$ cat query.txt   # compact mmCIF, C-alpha atoms and all ligand atoms
# COMPACT_ATOMS: atom_id res chain seq x y z
CA MET A 1 56.67 166.74 117.83
CA LYS A 2 55.78 166.02 114.21
CA PRO A 3 53.88 168.99 112.75
CA ALA A 4 50.38 168.51 111.30
CA LEU A 5 48.14 170.60 109.08
CA ILE A 6 44.68 170.46 107.53
CA VAL A 7 42.81 173.17 105.63
CA HIS A 8 39.26 173.45 104.27
CA GLY A 9 37.67 175.46 101.51
CA GLY A 10 34.06 175.31 102.63
CA ALA A 11 31.29 172.74 102.98
CA TRP A 12 28.51 172.64 100.39
CA PHE A 13 27.60 171.03 97.08
CA LEU A 14 30.47 171.47 94.61
CA PRO A 15 29.38 171.17 90.98
CA GLN A 16 31.76 169.25 88.72
CA ARG A 17 33.21 172.31 87.03
CA LYS A 18 34.24 173.90 90.33
CA ARG A 19 35.92 170.84 91.79
CA GLU A 20 39.29 171.18 90.13
CA ALA A 21 39.70 174.81 91.20
CA ALA A 22 38.64 173.99 94.76
CA LEU A 23 41.09 171.08 94.97
CA ARG A 24 43.90 173.16 93.52
CA GLY A 25 43.12 176.00 95.94
CA VAL A 26 43.14 173.87 99.07
CA ARG A 27 46.33 172.12 97.93
CA LEU A 28 48.10 175.44 97.40
CA ALA A 29 46.93 176.62 100.81
CA ALA A 30 48.19 173.43 102.47
CA GLU A 31 51.52 173.86 100.68
CA ALA A 32 51.78 177.44 101.97
CA GLY A 33 51.06 176.35 105.54
CA TRP A 34 53.31 173.31 105.30
CA ALA A 35 56.23 175.39 104.02
CA VAL A 36 56.05 177.33 107.30
CA LEU A 37 55.82 174.24 109.51
CA ARG A 38 58.50 172.32 107.61
CA GLY A 39 60.86 175.23 108.09
CA GLY A 40 60.33 175.05 111.86
CA GLY A 41 57.80 177.90 111.87
CA SER A 42 54.90 178.31 114.30
CA ALA A 43 51.38 176.98 113.96
CA ILE A 44 50.09 180.58 114.05
CA ASP A 45 52.29 181.55 111.08
CA ALA A 46 51.21 178.39 109.25
CA VAL A 47 47.46 178.92 109.61
CA GLU A 48 47.77 182.58 108.64
CA ALA A 49 49.79 181.66 105.52
CA ALA A 50 47.32 178.94 104.51
CA VAL A 51 44.28 181.16 104.96
CA ARG A 52 45.92 184.08 103.15
CA ALA A 53 46.49 181.80 100.15
CA MET A 54 42.76 181.01 100.03
CA GLU A 55 41.80 184.66 100.62
CA ASP A 56 43.81 185.45 97.47
CA ASP A 57 42.03 182.75 95.47
CA PRO A 58 38.67 183.94 94.08
CA THR A 59 37.49 180.33 94.04
CA PHE A 60 36.73 180.72 97.74
CA ASP A 61 34.34 182.91 99.70
CA ALA A 62 37.02 184.78 101.67
CA GLY A 63 39.03 187.88 100.81
CA ARG A 64 38.89 188.03 96.98
CA GLY A 65 35.81 186.15 95.80
CA SER A 66 33.69 186.93 98.86
CA TYR A 67 29.94 187.03 98.37
CA LEU A 68 28.23 190.38 98.12
CA ASN A 69 25.58 191.29 100.64
CA LEU A 70 22.13 192.54 99.65
CA GLU A 71 23.51 196.05 99.22
CA GLY A 72 26.24 194.85 96.87
CA GLU A 73 29.01 195.23 99.45
CA VAL A 74 31.66 192.76 100.57
CA GLU A 75 31.71 192.39 104.35
CA MET A 76 34.10 189.76 105.71
CA ASP A 77 34.63 187.93 108.99
CA ALA A 78 37.77 186.21 110.31
CA ILE A 79 39.31 184.79 113.46
CA LEU A 80 42.70 183.46 114.47
CA MET A 81 43.45 181.70 117.76
CA ASP A 82 46.65 180.61 119.47
CA GLY A 83 46.27 177.35 121.40
CA ARG A 84 49.34 178.07 123.51
CA THR A 85 47.88 181.08 125.33
CA LEU A 86 44.21 181.04 124.19
CA ASP A 87 44.89 184.48 122.73
CA LEU A 88 42.64 185.37 119.83
CA GLY A 89 41.84 188.13 117.41
CA ALA A 90 38.68 188.49 115.34
CA VAL A 91 37.02 190.87 112.92
CA ALA A 92 33.47 190.94 111.56
CA ALA A 93 31.80 192.86 108.75
CA ILE A 94 35.17 194.33 107.81
CA ARG A 95 35.40 195.99 104.40
CA ARG A 96 38.12 196.90 101.93
CA VAL A 97 40.94 194.63 103.12
CA ARG A 98 42.47 191.81 101.09
CA HIS A 99 43.39 189.67 104.09
CA PRO A 100 40.95 189.73 107.00
CA VAL A 101 42.92 186.95 108.70
CA THR A 102 45.95 189.21 108.96
CA VAL A 103 43.82 191.96 110.49
CA ALA A 104 42.55 189.37 113.00
CA ARG A 105 46.17 188.55 113.84
CA LEU A 106 46.95 192.22 114.37
CA VAL A 107 43.95 192.50 116.67
CA MET A 108 45.41 189.61 118.68
CA GLU A 109 48.96 190.90 118.78
CA ARG A 110 48.76 194.66 118.63
CA SER A 111 45.55 195.67 120.38
CA PRO A 112 44.32 195.23 123.95
CA HIS A 113 41.04 193.94 122.48
CA ALA A 114 39.93 190.68 120.90
CA PHE A 115 37.18 191.53 118.41
CA PHE A 116 36.53 194.51 116.13
CA VAL A 117 33.47 194.93 113.91
CA GLY A 118 32.30 197.05 110.99
CA GLU A 119 33.83 200.45 110.44
CA GLY A 120 35.87 200.10 113.62
CA ALA A 121 37.51 196.97 112.20
CA THR A 122 38.35 198.67 108.90
CA ALA A 123 39.69 201.72 110.77
CA PHE A 124 41.82 199.46 112.99
CA ALA A 125 43.29 197.79 109.89
CA ALA A 126 44.10 201.17 108.36
CA ALA A 127 45.68 202.36 111.61
CA MET A 128 47.89 199.26 111.56
CA GLY A 129 49.15 200.21 108.11
CA ILE A 130 47.08 197.69 106.14
CA PRO A 131 46.34 199.24 102.72
CA LEU A 132 42.60 199.65 102.13
CA CYS A 133 41.67 198.31 98.70
CA ASP A 134 39.04 199.35 96.24
CA PRO A 135 35.91 197.25 96.93
CA ALA A 136 36.09 196.11 93.28
CA ASP A 137 39.48 194.45 93.99
CA LEU A 138 37.66 191.95 96.17
CA LEU A 139 35.85 190.57 93.09
CA GLY A 140 32.61 190.17 95.06
CA ARG A 141 30.25 187.48 93.74
CA THR A 142 26.47 187.43 93.96
CA GLY A 143 26.37 183.65 94.34
CA ASP A 144 23.95 183.43 91.43
CA GLU A 145 26.64 182.57 88.88
CA PHE A 146 25.97 178.86 89.06
CA PRO A 147 22.23 178.31 89.45
CA ASP A 148 22.61 174.54 89.59
CA ASP A 149 24.61 174.93 92.81
CA GLU A 150 21.15 175.02 94.28
CA ARG A 151 20.54 171.42 93.32
CA TRP A 152 21.33 170.34 96.84
CA LEU A 153 19.11 172.17 99.27
CA PRO A 154 18.21 170.64 102.61
CA PRO A 155 14.54 171.15 103.47
CA GLU A 156 15.36 172.81 106.78
CA TRP A 157 17.59 175.27 104.97
CA VAL A 158 14.84 176.15 102.48
CA ALA A 159 12.30 176.49 105.28
CA ALA A 160 14.60 178.88 107.14
CA GLN A 161 15.20 180.80 103.91
CA ALA A 162 18.87 180.50 104.71
CA ALA A 163 21.31 181.92 102.24
CA ARG A 164 23.00 179.44 99.99
CA ALA A 165 26.33 177.97 98.94
CA ALA A 166 29.41 179.34 100.60
CA ASP A 167 33.08 178.44 100.47
CA THR A 168 34.50 179.74 103.72
CA VAL A 169 38.12 178.79 104.40
CA GLY A 170 39.95 177.55 107.46
CA ALA A 171 43.22 176.02 108.62
CA VAL A 172 44.32 174.09 111.71
CA ALA A 173 47.96 173.36 112.54
CA LEU A 174 50.22 171.75 115.12
CA ASP A 175 53.85 172.87 115.10
CA ALA A 176 57.05 171.09 116.07
CA ALA A 177 56.96 172.77 119.50
CA GLY A 178 53.58 171.11 120.15
CA HIS A 179 51.50 174.28 119.81
CA LEU A 180 48.14 174.39 118.05
CA ALA A 181 46.56 177.25 116.12
CA VAL A 182 43.49 177.83 113.99
CA ALA A 183 42.22 180.46 111.56
CA THR A 184 38.90 180.82 109.73
CA SER A 185 37.94 183.48 107.17
CA THR A 186 34.74 184.12 105.21
CA GLY A 187 32.76 186.50 103.08
CA GLY A 188 29.67 184.99 104.75
CA MET A 189 26.59 183.79 102.92
CA PRO A 190 25.46 185.11 99.53
CA HIS A 191 22.52 187.53 99.74
CA LYS A 192 23.16 188.15 103.42
CA ALA A 193 21.71 191.24 105.03
CA PRO A 194 24.20 194.04 105.70
CA GLY A 195 25.73 193.50 109.12
CA ARG A 196 24.90 189.79 109.21
CA VAL A 197 27.61 187.76 110.89
CA GLY A 198 27.70 183.97 111.00
CA ASP A 199 29.67 181.54 113.11
CA SER A 200 33.06 182.05 111.47
CA PRO A 201 34.56 184.86 113.62
CA LEU A 202 32.93 183.66 116.86
CA VAL A 203 35.35 182.00 119.22
CA GLY A 204 34.32 178.39 119.84
CA SER A 205 31.97 178.34 116.85
CA GLY A 206 33.99 179.13 113.71
CA ALA A 207 37.25 178.18 115.37
CA TYR A 208 38.87 177.04 118.60
CA ALA A 209 42.40 176.05 119.61
CA ASP A 210 43.73 174.94 122.98
CA ASP A 211 47.06 173.14 123.36
CA ARG A 212 45.49 171.09 126.15
CA LEU A 213 42.66 169.80 123.94
CA GLY A 214 43.10 170.26 120.19
CA ALA A 215 41.90 172.67 117.52
CA ALA A 216 39.03 172.90 115.02
CA SER A 217 37.70 175.11 112.22
CA ALA A 218 34.08 175.02 111.02
CA THR A 219 32.19 175.86 107.86
CA GLY A 220 28.57 175.70 106.75
CA TRP A 221 25.29 177.22 107.83
CA GLY A 222 26.53 179.75 110.36
CA GLU A 223 23.24 180.44 112.10
CA ARG A 224 23.09 176.78 113.07
CA LEU A 225 26.79 176.09 113.69
CA MET A 226 26.95 178.80 116.34
CA ARG A 227 24.08 177.28 118.30
CA VAL A 228 26.12 174.19 119.16
CA VAL A 229 29.42 176.12 119.54
CA ILE A 230 30.72 173.44 117.26
CA SER A 231 34.50 173.95 117.35
CA LYS A 232 34.72 174.13 121.15
CA THR A 233 32.34 171.20 121.46
CA ALA A 234 34.64 169.07 119.29
CA CYS A 235 37.70 170.21 121.26
CA ASP A 236 36.03 169.28 124.54
CA TRP A 237 35.42 165.80 123.19
CA LEU A 238 39.09 165.52 122.27
CA GLY A 239 39.82 166.36 125.90
CA ARG A 240 37.63 163.44 126.93
CA GLY A 241 39.59 161.01 124.80
CA LEU A 242 37.82 160.96 121.43
CA SER A 243 40.11 160.80 118.39
CA ALA A 244 40.15 163.76 116.01
CA GLN A 245 38.01 161.86 113.51
CA GLU A 246 35.53 160.73 116.18
CA ALA A 247 35.24 164.27 117.56
CA ALA A 248 34.63 165.74 114.08
CA GLU A 249 31.96 163.14 113.32
CA ALA A 250 30.28 163.53 116.72
CA ALA A 251 30.15 167.32 116.36
CA ILE A 252 28.55 167.13 112.92
CA ALA A 253 26.08 164.52 114.18
CA LEU A 254 25.15 166.83 117.09
CA LEU A 255 24.77 169.77 114.67
CA HIS A 256 22.19 167.88 112.67
CA GLU A 257 20.42 166.14 115.49
CA ARG A 258 20.12 169.13 117.78
CA VAL A 259 19.52 172.09 115.42
CA ARG A 260 19.10 170.53 111.95
CA GLY A 261 22.30 172.23 110.87
CA TYR A 262 24.56 171.50 107.91
CA GLY A 263 28.27 172.02 107.67
CA GLY A 264 31.75 170.62 108.07
CA LEU A 265 34.58 170.57 110.56
CA ILE A 266 38.34 169.95 110.45
CA VAL A 267 40.13 168.91 113.64
CA ILE A 268 43.65 168.20 114.91
CA ASP A 269 44.31 166.65 118.30
CA ARG A 270 47.33 167.21 120.58
CA GLU A 271 49.23 164.35 118.97
CA GLY A 272 48.72 165.75 115.49
CA ARG A 273 46.05 163.30 114.37
CA ILE A 274 43.67 164.76 111.82
CA GLY A 275 39.90 164.48 111.49
CA ALA A 276 37.31 165.86 109.07
CA ALA A 277 33.54 165.42 108.78
CA HIS A 278 30.66 167.07 106.92
CA ASN A 279 26.98 166.43 106.33
CA THR A 280 26.91 168.56 103.18
CA PRO A 281 27.63 166.70 99.93
CA HIS A 282 31.21 168.02 99.81
CA MET A 283 33.90 169.77 101.80
CA ALA A 284 37.08 170.63 99.92
CA ARG A 285 40.08 170.00 102.13
CA ALA A 286 43.78 169.24 102.00
CA TRP A 287 46.15 167.88 104.61
CA VAL A 288 49.67 166.62 105.07
CA THR A 289 50.01 162.84 105.23
CA PRO A 290 52.35 161.15 107.74
CA GLY A 291 54.77 160.75 104.80
CA GLY A 292 54.84 164.52 104.27
CA GLU A 293 52.76 164.51 101.07
CA ILE A 294 49.82 166.86 100.48
CA ALA A 295 46.53 165.00 99.97
CA ALA A 296 43.23 166.62 98.96
CA THR A 297 39.62 165.60 98.50
CA ILE A 298 36.21 167.15 98.19
CA GLY A 299 34.70 164.20 100.04
CA GLY A 300 31.30 162.83 99.11
CA GLY A 301 30.49 161.50 95.65
N1 LIG B 1 29.87 179.60 108.07
C1 LIG B 1 29.90 180.69 107.13
C2 LIG B 1 28.87 181.72 107.54
O1 LIG B 1 27.83 181.35 108.00
C3 LIG B 1 29.68 180.27 105.75
C4 LIG B 1 30.51 179.10 105.29
O2 LIG B 1 31.06 178.38 106.09
O3 LIG B 1 30.67 178.88 104.10
O4 LIG B 1 29.12 182.90 107.35
$ encode --input "query.txt" --output "structure tokens"
Amino acid sequence: MKPALIVHGGAWFLPQRKREAALRGVRLAAEAGWAVLRGGGSAIDAVEAAVRAMEDDPTFDAGRGSYLNLEGEVEMDAILMDGRTLDLGAVAAIRRVRHPVTVARLVMERSPHAFFVGEGATAFAAAMGIPLCDPADLLGRTGDEFPDDERWLPPEWVAAQAARAADTVGAVALDAAGHLAVATSTGGMPHKAPGRVGDSPLVGSGAYADDRLGAASATGWGERLMRVVISKTACDWLGRGLSAQEAAEAAIALLHERVRGYGGLIVIDREGRIGAAHNTPHMARAWVTPGGEIAATIGGG
């Protein structure tokens, strides 16, 4: 099986001056994931490596660079899922770790549970030997640094007083053994209430992977994405014969039509075909072309 990989760095409006950093960041993440797959590594290792690269990059709202909540704290959410076994690990509202995706992996592999939240998640990470960092190391952002990011605001979003721009990250991979995996990681929305959790760590919403169907990672307005269980919905359509691109487009169309949601989705099907769709102005993403090159775009205009 020929491996495949696609990563995203969030769906929103990307002002000109942020585009280069976003493109560079998703490219580096794709390179990190591809290095694993090219060396014969597993899809799980590849998605973890790709997401860790973006968690290290303060350009993105995950790990370092996460948005602060209303109390000035960074609380992060992440999930990782193995399409071979449907095993998954997730964390929500975790604090003081540099790589929530790695904690999610430890939840999957080293605990009898699937999902840890809040202080319990941070305590689990510490018990697994993950060093707890100073909150300042996470370089939390208020989201108010670029006021013109607000130029694109869908009316439904304003009406719902939803929080604004976010640059959640995700990765989907197929390895040479034919196994699929997905990971998604976020600092959530800027100005979120303490304890608020969006779609990202919810299985089927922020991510889903099943070797029998395909795999998908979502980004965007979490309160809406979760209502259509967007990643599982797209995977189910793959199972019914839609191509990866058709499934991504159909899921985003459903998101808007059914709940007036906004966001983006990346998808890989069982044959390694890639799809991506968004109804926000941009979604930074990078993928490996059939020729083995890394390509990247922010989409939109
Ligand atoms: N979906 C994320 C959330 O609602 C945000 C994002 O994708 O940027 O927490």
$ closest_atom_pairs --input "query.txt" --of "region 149-233 of chain A" --to "region 250-267 of chain A" --cutoff "10 Å" --atoms "only C-alpha atoms" --output "JSON lines"
{"residue": "A:Pro154", "atom": "CA", "partner": "A:Tyr262", "partner_atom": "CA", "distance": 8.3}
{"residue": "A:Pro155", "atom": "CA", "partner": "A:Arg260", "partner_atom": "CA", "distance": 9.6}
{"residue": "A:Glu156", "atom": "CA", "partner": "A:Arg260", "partner_atom": "CA", "distance": 6.8}
{"residue": "A:Trp157", "atom": "CA", "partner": "A:Gly261", "partner_atom": "CA", "distance": 8.1}
{"residue": "A:Gly170", "atom": "CA", "partner": "A:Ile266", "partner_atom": "CA", "distance": 8.3}
{"residue": "A:Ala171", "atom": "CA", "partner": "A:Ile266", "partner_atom": "CA", "distance": 8.0}
{"residue": "A:Val172", "atom": "CA", "partner": "A:Val267", "partner_atom": "CA", "distance": 6.9}
{"residue": "A:Ala173", "atom": "CA", "partner": "A:Val267", "partner_atom": "CA", "distance": 9.1}
{"residue": "A:Val182", "atom": "CA", "partner": "A:Val267", "partner_atom": "CA", "distance": 9.5}
{"residue": "A:Gly206", "atom": "CA", "partner": "A:Leu265", "partner_atom": "CA", "distance": 9.1}
{"residue": "A:Ala207", "atom": "CA", "partner": "A:Leu265", "partner_atom": "CA", "distance": 9.4}
{"residue": "A:Tyr208", "atom": "CA", "partner": "A:Val267", "partner_atom": "CA", "distance": 9.6}
{"residue": "A:Ala209", "atom": "CA", "partner": "A:Val267", "partner_atom": "CA", "distance": 9.6}
{"residue": "A:Gly214", "atom": "CA", "partner": "A:Val267", "partner_atom": "CA", "distance": 7.3}
{"residue": "A:Ala215", "atom": "CA", "partner": "A:Val267", "partner_atom": "CA", "distance": 5.7}
{"residue": "A:Ala216", "atom": "CA", "partner": "A:Val267", "partner_atom": "CA", "distance": 4.4}
{"residue": "A:Ser217", "atom": "CA", "partner": "A:Ile266", "partner_atom": "CA", "distance": 5.5}
{"residue": "A:Ala218", "atom": "CA", "partner": "A:Leu265", "partner_atom": "CA", "distance": 4.5}
{"residue": "A:Thr219", "atom": "CA", "partner": "A:Gly264", "partner_atom": "CA", "distance": 5.3}
{"residue": "A:Gly220", "atom": "CA", "partner": "A:Gly263", "partner_atom": "CA", "distance": 3.8}
{"residue": "A:Trp221", "atom": "CA", "partner": "A:Tyr262", "partner_atom": "CA", "distance": 5.8}
{"residue": "A:Gly222", "atom": "CA", "partner": "A:Gly263", "partner_atom": "CA", "distance": 8.4}
{"residue": "A:Glu223", "atom": "CA", "partner": "A:Gly261", "partner_atom": "CA", "distance": 8.4}
{"residue": "A:Arg224", "atom": "CA", "partner": "A:Gly261", "partner_atom": "CA", "distance": 5.1}
{"residue": "A:Leu225", "atom": "CA", "partner": "A:Gly261", "partner_atom": "CA", "distance": 6.6}
{"residue": "A:Met226", "atom": "CA", "partner": "A:Leu255", "partner_atom": "CA", "distance": 9.4}
{"residue": "A:Arg227", "atom": "CA", "partner": "A:Val259", "partner_atom": "CA", "distance": 7.5}
{"residue": "A:Val228", "atom": "CA", "partner": "A:Leu255", "partner_atom": "CA", "distance": 6.4}
{"residue": "A:Val229", "atom": "CA", "partner": "A:Leu255", "partner_atom": "CA", "distance": 9.3}
{"residue": "A:Ile230", "atom": "CA", "partner": "A:Ala251", "partner_atom": "CA", "distance": 6.2}
{"residue": "A:Ser231", "atom": "CA", "partner": "A:Leu265", "partner_atom": "CA", "distance": 7.6}
{"residue": "A:Lys232", "atom": "CA", "partner": "A:Ala251", "partner_atom": "CA", "distance": 9.5}
{"residue": "A:Thr233", "atom": "CA", "partner": "A:Ala251", "partner_atom": "CA", "distance": 6.8}
$ write_last_selection --input "query.txt" --atoms "C-alpha atoms" --output "JSON list (two decimals), keeping the file's coordinate frame"
[["chain", "number", "residue", "atom", "x", "y", "z"],
["A", 154, "PRO", "CA", 18.21, 170.64, 102.61],
["A", 155, "PRO", "CA", 14.54, 171.15, 103.47],
["A", 156, "GLU", "CA", 15.36, 172.81, 106.78],
["A", 157, "TRP", "CA", 17.59, 175.27, 104.97],
["A", 170, "GLY", "CA", 39.95, 177.55, 107.46],
["A", 171, "ALA", "CA", 43.22, 176.02, 108.62],
["A", 172, "VAL", "CA", 44.32, 174.09, 111.71],
["A", 173, "ALA", "CA", 47.96, 173.36, 112.54],
["A", 182, "VAL", "CA", 43.49, 177.83, 113.99],
["A", 206, "GLY", "CA", 33.99, 179.13, 113.71],
["A", 207, "ALA", "CA", 37.25, 178.18, 115.37],
["A", 208, "TYR", "CA", 38.87, 177.04, 118.60],
["A", 209, "ALA", "CA", 42.40, 176.05, 119.61],
["A", 214, "GLY", "CA", 43.10, 170.26, 120.19],
["A", 215, "ALA", "CA", 41.90, 172.67, 117.52],
["A", 216, "ALA", "CA", 39.03, 172.90, 115.02],
["A", 217, "SER", "CA", 37.70, 175.11, 112.22],
["A", 218, "ALA", "CA", 34.08, 175.02, 111.02],
["A", 219, "THR", "CA", 32.19, 175.86, 107.86],
["A", 220, "GLY", "CA", 28.57, 175.70, 106.75],
["A", 221, "TRP", "CA", 25.29, 177.22, 107.83],
["A", 222, "GLY", "CA", 26.53, 179.75, 110.36],
["A", 223, "GLU", "CA", 23.24, 180.44, 112.10],
["A", 224, "ARG", "CA", 23.09, 176.78, 113.07],
["A", 225, "LEU", "CA", 26.79, 176.09, 113.69],
["A", 226, "MET", "CA", 26.95, 178.80, 116.34],
["A", 227, "ARG", "CA", 24.08, 177.28, 118.30],
["A", 228, "VAL", "CA", 26.12, 174.19, 119.16],
["A", 229, "VAL", "CA", 29.42, 176.12, 119.54],
["A", 230, "ILE", "CA", 30.72, 173.44, 117.26],
["A", 231, "SER", "CA", 34.50, 173.95, 117.35],
["A", 232, "LYS", "CA", 34.72, 174.13, 121.15],
["A", 233, "THR", "CA", 32.34, 171.20, 121.46]]
$ closest_residue --input "query.txt" --among "A:Asp137, A:Val47, A:Met81, A:Pro190" --to "Ala114 (chain A)" --atoms "all atoms listed in the file"
A:Met81
$ residues_around --input "query.txt" --residues "region 133-135 of chain A" --least-positions-apart "5" --cutoff "7 Å" --atoms "only C-alpha atoms" --output "PDB file with C-alpha atoms, in the coordinates of the input"
ATOM      1  CA  ARG A  96      38.120 196.900 101.930  1.00  0.00           C
ATOM      2  CA  VAL A  97      40.940 194.630 103.120  1.00  0.00           C
ATOM      3  CA  ARG A  98      42.470 191.810 101.090  1.00  0.00           C
TER       4      ARG A  98
END
$ atom_distance --input "query.txt" --atom1 "CA of Gly272 (chain A)" --atom2 "CA of Glu31 (chain A)"
17.1 Å
$ atom_distance --input "query.txt" --atom1 "atom C1 of ligand LIG 1 (chain B)" --atom2 "CA of Gly41 (chain A)"
28.4 Å
$ closest_residue --input "query.txt" --among "A:Leu86, A:Ala126, A:Ala62, A:Cys235" --to "ligand LIG 1 (chain B)" --atoms "all atoms listed in the file"
A:Ala62
$ build_atoms --input "query.txt" --residues "region 208-219 of chain A" --atoms "N, CA, C and O atoms" --output "CSV table (one decimal), keeping the file's coordinate frame"
chain,number,residue,atom,x,y,z
A,208,TYR,N,38.4,177.1,117.2
A,208,TYR,CA,38.9,177.0,118.6
A,208,TYR,C,40.2,176.3,118.6
A,208,TYR,O,40.4,175.4,117.8
A,209,ALA,N,41.1,176.7,119.5
A,209,ALA,CA,42.4,176.0,119.6
A,209,ALA,C,42.8,176.1,121.1
A,209,ALA,O,42.8,177.2,121.6
A,210,ASP,N,43.2,175.0,121.6
A,210,ASP,CA,43.7,174.9,123.0
A,210,ASP,C,44.8,173.8,123.0
A,210,ASP,O,44.4,172.7,122.7
A,211,ASP,N,46.0,174.2,123.3
A,211,ASP,CA,47.1,173.1,123.4
A,211,ASP,C,46.7,172.0,124.3
A,211,ASP,O,47.2,170.9,124.1
A,212,ARG,N,45.8,172.2,125.2
A,212,ARG,CA,45.5,171.1,126.2
A,212,ARG,C,44.4,170.2,125.6
A,212,ARG,O,44.2,169.1,126.1
A,213,LEU,N,43.8,170.6,124.5
A,213,LEU,CA,42.7,169.8,123.9
A,213,LEU,C,42.9,169.4,122.5
A,213,LEU,O,42.9,168.3,122.1
A,214,GLY,N,43.0,170.5,121.6
A,214,GLY,CA,43.1,170.3,120.2
A,214,GLY,C,42.6,171.5,119.5
A,214,GLY,O,42.5,172.6,120.2
A,215,ALA,N,42.3,171.5,118.2
A,215,ALA,CA,41.9,172.7,117.5
A,215,ALA,C,41.0,172.3,116.4
A,215,ALA,O,41.1,171.2,115.9
A,216,ALA,N,40.0,173.2,116.1
A,216,ALA,CA,39.0,172.9,115.0
A,216,ALA,C,38.6,174.2,114.3
A,216,ALA,O,38.6,175.3,114.9
A,217,SER,N,38.3,174.0,113.0
A,217,SER,CA,37.7,175.1,112.2
A,217,SER,C,36.4,174.6,111.5
A,217,SER,O,36.4,173.5,111.0
A,218,ALA,N,35.4,175.4,111.5
A,218,ALA,CA,34.1,175.0,111.0
A,218,ALA,C,33.7,175.8,109.8
A,218,ALA,O,34.2,176.9,109.5
A,219,THR,N,32.8,175.2,109.0
A,219,THR,CA,32.2,175.9,107.9
A,219,THR,C,30.8,175.3,107.7
A,219,THR,O,30.5,174.2,108.1
